[in-house]
>>> print(open('work.txt').read())   # compact mmCIF, C-alpha atoms
# COMPACT_ATOMS: atom_id res chain seq x y z
CA MET A 18 -5.09 -3.08 -10.47
CA LYS A 19 -2.42 -0.72 -9.09
CA GLN A 20 -4.27 -0.51 -5.75
CA TYR A 21 -4.45 -4.27 -5.63
CA LEU A 22 -0.71 -4.54 -6.30
CA SER A 23 0.08 -1.92 -3.66
CA TYR A 24 -2.05 -3.79 -1.15
CA MET A 25 -0.35 -7.07 -2.00
CA LEU A 26 3.11 -5.50 -1.66
CA PHE A 27 2.12 -4.01 1.69
CA VAL A 28 0.84 -7.34 2.99
CA LEU A 29 3.97 -9.11 1.83
CA ALA A 30 6.24 -6.49 3.38
CA ILE A 31 4.39 -6.55 6.70
CA GLY A 32 4.52 -10.32 6.74
CA GLY A 33 8.30 -10.09 6.68
CA MET A 34 8.51 -11.71 3.27
CA VAL A 35 10.00 -14.77 4.94
CA ALA A 36 7.53 -17.62 4.79
CA LEU A 37 7.49 -21.27 5.43
CA VAL A 38 6.48 -22.81 2.14
CA VAL A 39 4.83 -26.19 1.86
CA ASN A 40 6.70 -28.60 -0.35
CA ILE A 41 5.61 -27.98 -3.95
CA PHE A 42 4.99 -31.66 -4.58
CA GLY A 43 2.87 -32.19 -1.47
CA GLU A 44 5.27 -34.60 0.21
CA GLU A 45 5.92 -34.13 3.88
CA GLN A 46 9.47 -33.44 4.86
CA GLY A 47 11.32 -32.88 8.11
CA GLU A 48 11.92 -29.18 7.64
CA THR A 49 10.10 -26.76 5.42
CA PRO A 50 12.59 -24.47 3.65
CA LEU A 51 12.56 -20.71 4.11
CA ALA A 52 11.76 -18.54 1.13
CA ALA A 53 11.97 -14.84 0.41
CA GLY A 54 9.27 -13.49 -1.87
CA ILE A 55 8.97 -10.51 -4.17
CA GLU A 56 6.34 -9.40 -6.63
CA THR A 57 7.33 -8.02 -10.02
CA ASP A 58 6.09 -7.33 -13.51
CA LEU A 59 7.62 -9.63 -16.13
CA GLU A 60 9.09 -6.65 -17.99
CA GLU A 61 10.69 -5.35 -14.77
CA LEU A 62 12.36 -8.68 -13.99
CA PRO A 63 15.89 -7.46 -14.86
CA GLU A 64 15.47 -4.48 -12.50
CA THR A 65 14.14 -6.78 -9.79
CA PHE A 66 17.17 -9.04 -10.08
CA ALA A 67 19.42 -5.95 -9.98
CA ILE A 68 17.84 -5.06 -6.62
CA LEU A 69 18.30 -8.62 -5.35
CA SER A 70 21.92 -8.59 -6.57
CA ASP A 71 22.75 -5.98 -3.90
CA VAL A 72 22.85 -8.87 -1.42
CA PHE A 73 25.52 -10.81 -3.28
CA ASP A 74 29.23 -10.27 -3.86
CA GLU A 75 28.65 -10.23 -7.63
CA PRO A 76 25.51 -9.31 -9.59
CA ILE A 77 23.23 -12.10 -10.76
CA ALA A 78 24.35 -12.96 -14.29
CA ASP A 79 22.39 -11.43 -17.17
CA THR A 80 22.22 -14.87 -18.78
CA ASP A 81 20.49 -16.24 -15.66
CA VAL A 82 18.03 -13.35 -15.66
CA ALA A 83 17.27 -13.83 -19.36
CA HIS A 84 16.76 -17.57 -18.82
CA ILE A 85 14.38 -16.99 -15.89
CA LYS A 86 12.48 -14.35 -17.88
CA ARG A 87 12.09 -16.72 -20.82
CA LEU A 88 10.78 -19.50 -18.56
CA ALA A 89 8.41 -17.17 -16.69
CA SER A 90 6.99 -15.71 -19.90
CA ASN A 91 5.78 -19.12 -21.08
CA PRO A 92 2.04 -18.64 -21.80
CA GLU A 93 1.40 -22.27 -20.86
CA LEU A 94 2.19 -21.67 -17.17
CA ASP A 95 -1.02 -22.29 -15.23
CA GLU A 96 -2.00 -19.36 -13.03
CA THR A 97 -3.24 -21.65 -10.26
CA ASP A 98 0.07 -23.45 -9.68
CA VAL A 99 3.52 -22.63 -8.40
CA HIS A 100 6.13 -23.36 -11.06
CA ALA A 101 9.82 -24.17 -10.63
CA LEU A 102 12.04 -21.83 -12.63
CA GLY A 103 15.38 -23.40 -11.83
CA THR A 104 18.44 -22.38 -9.88
CA ILE A 105 20.92 -19.52 -9.88
CA ASP A 106 24.48 -19.78 -8.58
CA VAL A 107 25.56 -16.75 -6.55
CA ILE A 108 28.33 -15.76 -4.16
CA PHE A 109 27.19 -14.66 -0.71
CA GLU A 110 29.74 -13.35 1.80
CA GLY A 111 32.57 -15.00 -0.09
CA ARG A 112 31.02 -18.44 -0.43
CA PRO A 113 29.23 -19.93 -3.42
CA THR A 114 25.60 -20.85 -2.89
CA THR A 115 22.56 -21.68 -4.97
CA LEU A 116 19.15 -20.04 -5.07
CA THR A 117 16.15 -22.04 -6.19
CA LEU A 118 13.38 -20.03 -7.81
CA HIS A 119 9.66 -20.75 -8.06
CA THR A 120 6.93 -18.45 -9.33
CA GLU A 121 3.22 -17.90 -9.43
CA VAL A 122 1.92 -16.06 -12.50
CA ASP A 123 -0.95 -13.56 -12.69
CA ARG A 124 -1.99 -12.38 -16.16
CA GLU A 125 -5.00 -10.21 -15.27
CA ASP A 126 -3.55 -6.85 -16.43
CA GLY A 127 -0.19 -7.86 -17.87
CA THR A 128 2.11 -10.54 -16.56
CA TYR A 129 2.95 -10.29 -12.88
CA LEU A 130 5.16 -12.74 -11.06
CA TYR A 131 5.33 -13.69 -7.43
CA LEU A 132 8.88 -14.96 -7.09
CA TYR A 133 9.91 -17.25 -4.26
CA LEU A 134 13.63 -17.59 -3.64
CA PHE A 135 14.81 -20.58 -1.62
CA GLY A 136 18.30 -21.01 -0.26
CA GLU A 137 20.36 -21.25 2.89
CA PRO A 138 18.66 -19.50 5.83
CA ASP A 139 21.19 -16.65 6.11
CA VAL A 140 20.90 -15.95 2.36
CA VAL A 141 17.08 -15.95 2.52
CA GLU A 142 17.14 -13.60 5.52
CA ALA A 143 19.52 -11.21 3.72
CA LEU A 144 17.28 -11.25 0.63
CA ASP A 145 14.24 -10.62 2.82
CA GLU A 146 15.92 -7.60 4.44
CA ARG A 147 16.81 -6.17 1.01
CA ILE A 148 13.26 -6.71 -0.28
CA ILE A 149 11.75 -4.98 2.76
CA ALA A 150 14.18 -2.05 2.30
CA TYR A 151 13.18 -1.85 -1.37
CA TYR A 152 9.49 -1.70 -0.50
CA GLU A 153 10.22 0.99 2.10
CA GLU A 154 12.06 3.01 -0.57
CA LEU A 155 8.90 2.79 -2.67
CA GLY A 156 6.79 3.92 0.28
CA ILE A 157 4.87 0.70 0.51
>>> encode(input="work.txt", output="structure tokens")
Amino acid sequence: MKQYLSYMLFVLAIGGMVALVVNIFGEEQGETPLAAGIETDLEELPETFAILSDVFDEPIADTDVAHIKRLASNPELDETDVHALGTIDVIFEGRPTTLTLHTEVDREDGTYLYLYLFGEPDVVEALDERIIAYYEELGI
């Protein structure tokens, strides 16, 4: 499973982690929003959000992280669907902005999450750069 995860992280990092994501509800829209993506274990979610917090003026609130973890740990989440986890208010370069989070869940050997973070393009690009740097630090 570790080789599979390493491969997935490598593919995601090479792909630039910035993807055009089709609207979750299948409706066509004028512009498809940008998303940054990161893979994490459910138990490592607080550490993952600490890494993502490097992009913002203030760390992501512990209450937001706990709320997202509680939602993502729901055993009723279908592994074949992308699930909305809600929003997080952050401050980026002195201005308030909102991130919208979605996740895919994989429970093969534990609970792994593929988090998609949507927001304003400059925020998504900054998150993507931080995620790529993180994967480089890991040697992936």
>>> residues_around(input="work.txt", residues="A:Glu93", least_positions_apart="6", cutoff="12 Å", atoms="only C-alpha atoms", output="PyMOL selection string")
chain A and resi 100+122+124
>>> closest_residue(input="work.txt", among="A:Glu75, A:Ala89, A:Pro63, A:Thr128", to="A:Pro113", atoms="all atoms listed in the file")
A:Glu75
>>> atom_distance(input="work.txt", atom1="atom CA of A:Gly111", atom2="atom CA of A:Asp74")
6.9 Å
>>> closest_residue(input="work.txt", among="A:Thr97, A:Thr120, A:Ser70, A:Thr80", to="A:Val140", atoms="only C-alpha atoms")
A:Ser70
>>> residues_around(input="work.txt", residues="A:Ala143", least_positions_apart="3", cutoff="12 Å", atoms="only C-alpha atoms", output="list of chain:residue names")
A:Gly33, A:Met34, A:Val35, A:Leu51, A:Ala52, A:Ala53, A:Gly54, A:Leu69, A:Ser70, A:Asp71, A:Val72, A:Phe73, A:Phe109, A:Glu110, A:Leu134, A:Phe135, A:Gly136, A:Glu137, A:Pro138, A:Asp139, A:Val140, A:Glu146, A:Arg147, A:Ile148, A:Ile149, A:Ala150
>>> atom_distance(input="work.txt", atom1="atom CA of A:Glu56", atom2="atom CA of A:Ile85")
14.4 Å
>>> atom_distance(input="work.txt", atom1="atom CA of A:Gly127", atom2="atom CA of A:Asp58")
7.7 Å
>>> closest_residue(input="work.txt", among="A:Leu130, A:Ile68, A:Leu118, A:Ile77", to="A:Asn91", atoms="all atoms listed in the file")
A:Leu130
>>> residues_around(input="work.txt", residues="A:Ala83", least_positions_apart="2", cutoff="12 Å", atoms="all atoms listed in the file", output="list in words")
Leu59, Glu60, Glu61, Leu62, Pro63, Glu64, Phe66, Ile77, Ala78, Asp79, Thr80, Asp81, Ile85, Lys86, Arg87, Leu88, Ala89, Ser90, Leu102 and Ile105 of chain A
>>> closest_residue(input="work.txt", among="A:Tyr131, A:Arg112, A:Asp123, A:Glu153", to="A:Thr65", atoms="only C-alpha atoms")
A:Tyr131
>>> closest_residue(input="work.txt", among="A:Glu125, A:His84, A:Pro92, A:Glu154", to="A:Thr104", atoms="all atoms listed in the file")
A:His84
>>> closest_residue(input="work.txt", among="A:Pro50, A:Leu155, A:Leu132, A:Pro76", to="A:Gly103", atoms="all atoms listed in the file")
A:Leu132
